[in-house]
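Quick look at run_26.cif (mmCIF, C-alpha atoms):
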data_target
loop_
_atom_site.label_atom_id
_atom_site.label_comp_id
_atom_site.auth_asym_id
_atom_site.auth_seq_id
_atom_site.Cartn_x
_atom_site.Cartn_y
_atom_site.Cartn_z
CA ALA A 26 6.91 5.60 -2.45
CA THR A 27 3.25 5.59 -1.36
CA ALA A 28 0.93 6.90 -4.11
CA LYS A 29 3.94 7.63 -6.36
CA GLY A 30 2.84 5.29 -9.16
CA TYR A 31 0.37 5.67 -12.02
CA GLN A 32 -2.17 8.45 -11.60
CA GLY A 33 -5.80 7.90 -10.63
CA GLY A 34 -8.65 9.04 -12.88
CA GLN A 35 -9.20 12.77 -13.21
CA VAL A 36 -12.28 15.02 -13.20
CA SER A 37 -12.21 15.21 -17.01
CA GLY A 38 -10.14 13.79 -19.80
CA LEU A 39 -8.33 10.74 -18.40
CA THR A 40 -11.08 9.61 -16.04
CA ASP A 41 -9.95 5.98 -15.94
CA GLY A 42 -7.06 5.06 -13.67
CA GLN A 43 -3.73 5.06 -15.49
CA GLY A 44 -1.42 2.06 -15.79
CA PRO A 45 -1.85 -1.53 -17.05
CA GLY A 46 -4.24 -2.30 -14.19
CA GLY A 47 -6.07 1.01 -13.98
CA GLY A 48 -9.60 0.97 -12.57
CA LEU A 49 -12.32 2.21 -14.89
CA THR A 50 -14.71 5.12 -14.53
CA GLY A 51 -18.07 4.36 -12.94
CA ASP A 52 -20.11 5.14 -9.88
CA PRO A 53 -18.41 3.79 -7.92
CA GLY A 54 -15.07 3.82 -9.68
CA GLY A 55 -13.01 0.65 -9.98
CA GLY A 56 -9.97 0.07 -7.78
CA GLY A 57 -6.58 -0.25 -9.45
CA GLY A 58 -4.97 -3.68 -9.80
CA TYR A 59 -1.37 -4.96 -9.83
CA GLY A 60 -0.37 -8.05 -7.83
CA GLY A 61 -4.04 -8.48 -6.93
CA GLU A 62 -7.21 -7.29 -8.62
CA GLY A 63 -8.82 -4.07 -7.54
CA ALA A 64 -12.44 -4.15 -6.43
CA ASP A 65 -15.49 -2.47 -7.90
CA LYS A 66 -19.02 -2.17 -6.52
CA ALA A 67 -19.65 -5.90 -6.19
CA ALA A 68 -18.62 -9.27 -7.46
CA GLY A 69 -20.33 -9.31 -10.82
CA GLY A 70 -20.63 -5.52 -10.80
CA LYS A 71 -19.81 -3.31 -13.74
CA SER A 72 -17.96 -5.53 -16.18
CA GLY A 73 -14.23 -4.85 -16.14
CA ALA A 74 -14.46 -1.85 -13.83
CA TYR A 75 -11.93 -3.27 -11.40
CA GLY A 76 -8.23 -3.15 -12.27
CA GLN A 77 -6.67 -6.36 -13.52
CA THR A 78 -3.40 -7.97 -12.42
CA TYR A 79 -0.24 -7.57 -14.48
CA GLY A 80 3.51 -7.98 -14.21
CA ALA A 81 5.40 -10.88 -12.62
CA ASP A 82 6.27 -11.75 -9.04
CA LEU A 83 9.89 -12.59 -9.94
CA TYR A 84 10.96 -9.07 -10.95
CA PRO A 85 8.37 -6.59 -9.67
CA THR A 86 9.79 -3.36 -11.00
CA GLY A 87 6.86 -1.33 -12.34
CA PRO A 88 4.61 0.95 -10.28
CA GLY A 89 1.02 0.30 -9.24
CA SER A 90 -2.03 1.50 -11.16
CA GLY A 91 -4.51 4.25 -10.29
CA GLY A 92 -8.16 3.96 -9.34
CA GLY A 93 -11.04 4.95 -11.61
CA ARG A 94 -13.12 8.10 -11.13
CA GLY A 95 -16.50 7.79 -9.45
CA ASP A 96 -18.59 10.96 -9.79
CA ILE A 97 -17.36 14.31 -11.12
CA ARG A 98 -15.53 15.16 -7.88
CA ALA A 99 -12.90 12.51 -8.72
CA GLY A 100 -10.69 12.16 -5.60
CA THR A 101 -9.14 8.93 -6.86
CA GLY A 102 -6.07 7.21 -5.43
CA ASN A 103 -2.78 6.91 -7.31
CA GLY A 104 -0.95 3.61 -7.53
CA GLY A 105 2.01 2.87 -5.28
CA GLY A 106 5.48 3.60 -6.57
CA SER A 107 8.41 1.25 -7.15
CA VAL A 108 11.33 0.64 -4.77
CA TRP A 109 14.46 -1.21 -5.97
CA ILE A 110 17.32 -2.01 -3.56
CA ASP A 111 20.28 -4.00 -4.87
CA ALA A 112 23.10 -4.54 -2.35
CA ALA A 113 25.71 -7.28 -2.55
CA GLY A 114 26.68 -6.64 1.09
CA ALA A 115 24.72 -6.30 4.32
CA VAL A 116 21.31 -4.63 4.48
CA LEU A 117 19.80 -3.59 7.82
CA VAL A 118 16.13 -2.54 7.78
CA ASN A 119 14.67 -1.25 11.04
CA GLY A 120 12.08 1.11 9.59
CA VAL A 121 9.21 0.71 7.13
CA ILE A 122 9.69 0.66 3.36
CA ARG A 123 6.37 1.67 1.81
CA ALA A 124 5.05 1.39 -1.73
CA ASN A 125 1.36 1.54 -0.82
CA GLY A 126 -1.49 2.58 -3.08
CA GLY A 127 -3.15 5.92 -2.47
CA SER A 128 -6.59 5.97 -0.89
CA ALA A 129 -9.51 7.71 -2.59
CA THR A 130 -10.66 10.85 -0.79
CA THR A 131 -14.07 11.68 -2.27
CA GLY A 132 -16.44 11.14 -5.17
CA HIS A 133 -17.14 7.40 -4.77
CA SER A 134 -13.80 6.89 -6.48
CA GLY A 135 -11.49 3.89 -6.66
CA ALA A 136 -8.23 3.51 -4.78
CA GLY A 137 -4.80 2.88 -6.24
CA SER A 138 -3.11 -0.50 -6.15
CA GLY A 139 -0.02 -1.23 -4.13
CA GLY A 140 3.29 -0.75 -5.89
CA ALA A 141 6.48 -2.82 -6.07
CA ILE A 142 9.43 -3.58 -3.79
CA TYR A 143 12.43 -5.56 -5.01
CA LEU A 144 15.11 -6.10 -2.37
CA TYR A 145 18.37 -7.95 -3.04
CA ALA A 146 20.77 -8.35 -0.12
CA GLY A 147 23.87 -10.45 0.43
CA SER A 148 22.79 -10.54 4.08
CA LEU A 149 19.53 -9.21 5.49
CA SER A 150 18.61 -8.30 9.06
CA GLY A 151 16.48 -5.96 11.12
CA SER A 152 13.02 -5.50 12.56
CA GLY A 153 11.65 -3.55 9.60
CA VAL A 154 8.52 -4.00 7.51
CA LEU A 155 7.92 -4.04 3.75
CA GLU A 156 4.55 -2.66 2.62
CA ALA A 157 2.85 -2.73 -0.79
CA LYS A 158 -0.81 -2.47 0.23
CA GLY A 159 -3.76 -1.34 -1.84
CA GLY A 160 -5.46 1.94 -0.94
CA THR A 161 -8.96 2.34 0.54
CA GLY A 162 -11.93 3.16 -1.70
CA ASP A 163 -14.19 6.10 -1.01
CA TRP A 164 -17.80 5.83 0.23
CA THR A 165 -19.14 3.02 -1.96
CA ALA A 166 -16.03 2.03 -3.91
CA GLY A 167 -13.86 -1.03 -3.34
CA GLY A 168 -10.18 -1.04 -2.43
CA GLY A 169 -7.13 -1.22 -4.65
CA GLY A 170 -5.35 -4.53 -5.18
CA GLY A 171 -2.16 -5.33 -3.31
CA GLY A 172 1.20 -4.82 -4.99
CA ARG A 173 4.20 -7.10 -5.45
CA ILE A 174 7.23 -7.75 -3.21
CA HIS A 175 10.22 -9.97 -3.97
CA VAL A 176 13.09 -10.38 -1.49
CA VAL A 177 16.28 -12.12 -2.63
CA MET A 178 18.87 -12.78 0.08
CA GLY A 179 21.97 -14.80 0.73
CA VAL A 180 21.86 -15.17 4.51
CA GLY A 181 19.96 -13.51 7.32
CA SER A 182 16.38 -13.23 8.50
CA GLU A 183 13.12 -12.52 6.72
CA LEU A 184 11.42 -9.18 7.31
CA ALA A 185 7.76 -8.65 8.12
CA TYR A 186 5.66 -7.69 5.10
CA THR A 187 2.16 -6.97 3.83
CA VAL A 188 0.66 -6.97 0.33
CA ALA A 189 -2.94 -6.74 1.56
CA GLY A 190 -5.71 -5.52 -0.69
CA GLY A 191 -7.21 -2.18 0.23
CA ALA A 192 -10.34 -1.73 2.33
CA ARG A 193 -13.74 -0.96 0.83
CA GLY A 194 -15.57 2.27 1.42
CA THR A 195 -17.59 2.65 4.57
CA GLN A 196 -21.16 2.63 3.25
CA LEU A 197 -22.06 -0.82 1.94
CA THR A 198 -19.99 -3.56 3.49
CA ALA A 199 -21.11 -6.09 0.88
CA TRP A 200 -18.85 -4.37 -1.62
CA PRO A 201 -15.49 -6.04 -1.84
CA LEU A 202 -11.99 -5.49 -0.63
CA GLY A 203 -9.11 -5.31 -3.05
CA SER A 204 -7.44 -8.67 -3.64
CA ASN A 205 -4.12 -9.43 -1.95
CA GLY A 206 -0.96 -8.97 -3.97
CA THR A 207 2.06 -11.26 -4.26
CA TYR A 208 5.05 -11.87 -2.01
CA ARG A 209 8.08 -13.97 -2.89
CA ILE A 210 11.32 -14.72 -1.04
CA SER A 211 14.31 -16.40 -2.65
CA THR A 212 17.75 -17.40 -1.43
CA VAL A 213 20.82 -16.92 -3.55
CA SER A 214 22.14 -20.22 -4.88
CA PRO A 215 25.55 -19.72 -6.48
CA ASP A 216 26.72 -22.20 -9.08
CA VAL A 217 29.61 -24.51 -8.17
CA THR A 218 31.33 -26.41 -10.97
CA VAL A 219 32.78 -29.85 -10.18
CA ARG A 220 35.39 -30.78 -12.78
CA GLY A 221 35.24 -34.19 -14.40
CA LEU A 222 38.94 -35.15 -14.44
CA PRO A 223 40.57 -37.45 -13.67
CA VAL A 224 37.88 -39.84 -14.86
CA SER A 225 39.81 -42.81 -13.44
CA HIS A 226 39.11 -41.58 -9.94
CA GLY A 227 35.40 -42.29 -10.15
CA SER A 228 32.36 -40.11 -9.56
CA PRO A 229 32.48 -37.22 -7.08
CA THR A 230 29.76 -37.11 -4.38
CA PRO A 231 27.51 -35.58 -3.17
CA TYR A 232 27.90 -33.12 -6.06
CA PRO A 233 28.39 -34.91 -9.37
CA THR A 234 30.40 -33.70 -12.32
CA GLY A 235 29.01 -30.49 -13.76
CA VAL A 236 27.30 -27.46 -12.28
CA SER A 237 25.37 -27.62 -9.03
CA ALA A 238 23.48 -24.81 -7.27
CA ILE A 239 23.94 -24.67 -3.51
CA PRO A 240 22.84 -22.20 -0.81
CA LEU A 241 25.21 -19.32 -0.17
CA GLY A 242 27.56 -19.99 2.74
CA THR A 243 27.43 -23.78 2.45
CA TRP A 244 30.76 -25.54 3.16
CA VAL A 245 31.31 -28.04 0.38
CA THR A 246 33.58 -31.08 0.53
CA ASN A 247 33.29 -33.55 -2.32
CA SER A 248 34.67 -37.05 -1.95
CA VAL A 249 35.75 -39.29 -4.81
CA SER A 250 35.78 -43.04 -4.23
CA SER A 251 38.17 -44.94 -6.44
CA PRO A 252 39.40 -48.52 -6.34
CA ALA A 253 42.54 -47.26 -8.06
CA ASP A 254 43.37 -44.90 -5.22
CA THR A 255 42.94 -46.26 -1.68
CA ALA A 256 43.44 -42.78 -0.21
CA ALA A 257 40.60 -41.54 -2.45
CA GLY A 258 40.61 -37.99 -3.71
CA GLN A 259 38.94 -34.80 -2.58
CA ARG A 260 37.72 -31.77 -4.41
CA PHE A 261 36.57 -28.53 -2.81
#
Output the file's structure as structure tokens, nothing else.
Amino acid sequence: ATAKGYQGGQVSGLTDGQGPGGGLTGDPGGGGGYGGEGADKAAGGKSGAYGQTYGADLYPTGPGSGGGRGDIRAGTGNGGGSVWIDAAGAVLVNGVIRANGGSATTGHSGAGSGGAIYLYAGSLSGSGVLEAKGGTGDWTAGGGGGGRIHVVMGVGSELAYTVAGGARGTQLTAWPLGSNGTYRISTVSPDVTVRGLPVSHGSPTPYPTGVSAIPLGTWVTNSVSSPADTAAGQRF
């Protein structure tokens, strides 16, 4: 899904990058933002030219934003697209899943921001990589901001990932990189309800009466101590 997000600025008409974090027109053009800010010609450069952050790291579903046009040649980068994988069973990733921002090709133009990857897996394995990087700016322009990745898994192993901001153009190295995006990993914690009866048998431990969230795959044995029942009770 590289460069499949919001469009970069055009030669005429919509010269600013499209999307909530689109970079603005200038010379150089501003890089698009998403999980991280895009970069423009310098810290304190053209006010607001760089793309701003937007969205949330919990559910990164929207695409990345485009870079702003530099001179009339345009050559801006589009934002990265959006990848959504929702699998209750096993997921094996041995390749690379990409939602990178597009790099600018000419015209001192801004690059696109990285896009979004949301991956839900009951079990996760493999040697693969998740990428939502910002694109590279052209000539004097800064890079696009990194995108957003959220991995939710029950069991398994974490994959390699990158949400790096894009590189600056090659001419003036004082001009900034795009800012890094966001990465989040969560484990599924299913709710387990421990019933409260019979009250005469005391308080269950280690999980008290009510709803408790525990990691998926955990073996749970609750004990109930009660002076009224020397054998005690057990709940599973």
>> Once the PyMOL selection byres ((chain A and resi 140-152) around 7) has been evaluated on this model, what residues remain selected, and can you format them as a ChimeraX atom specification?
In response: /A:30,85-89,104-119,124-126,138-139,153-154,157,172-182,184
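With all atoms listed in the file as the atoms that count, the residue of A:Thr165, A:Ser237, A:Ser204, A:Gln35 with the shortest distance to A:Gly76 is A:Ser204.
Closest to A:Thr40 among A:Ala81, A:Thr101, A:Ala26, A:Tyr208 is A:Thr101, based on only C-alpha atoms.
Across the structure, atom CA of A:Tyr75 and atom CA of A:Asp163 are spaced 14.2 Å apart.
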> Any chance you could work out the residue set of the PyMOL selection byres ((chain A and resi 160) around 8) here, as a PyMOL selection string?
Replying inline: chain A and resi 102+125-129+136-139+158-159+161-162+168-170+190-192
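Nearest to A:Ala185 of all the residues A:Leu202, A:Pro229, A:Gly91, A:Gly120 is A:Gly120, counting only C-alpha atoms.
Here atom CA of A:Thr131 stands at a distance of 14.9 Å from atom CA of A:Gly42.
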>> Restricting the calculation to only C-alpha atoms: of A:Thr195, A:Ser134, A:Thr207, A:Gln43, which residue gets closest to A:Glu62?
In response: A:Thr207
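Here atom CA of A:Thr218 is placed at a distance of 29.1 Å from atom CA of A:Asp82.
If only C-alpha atoms are the atoms counted, then among A:Ile97, A:Val219, A:Ala189, A:Ala166 the closest residue to A:Gly54 is A:Ala166.
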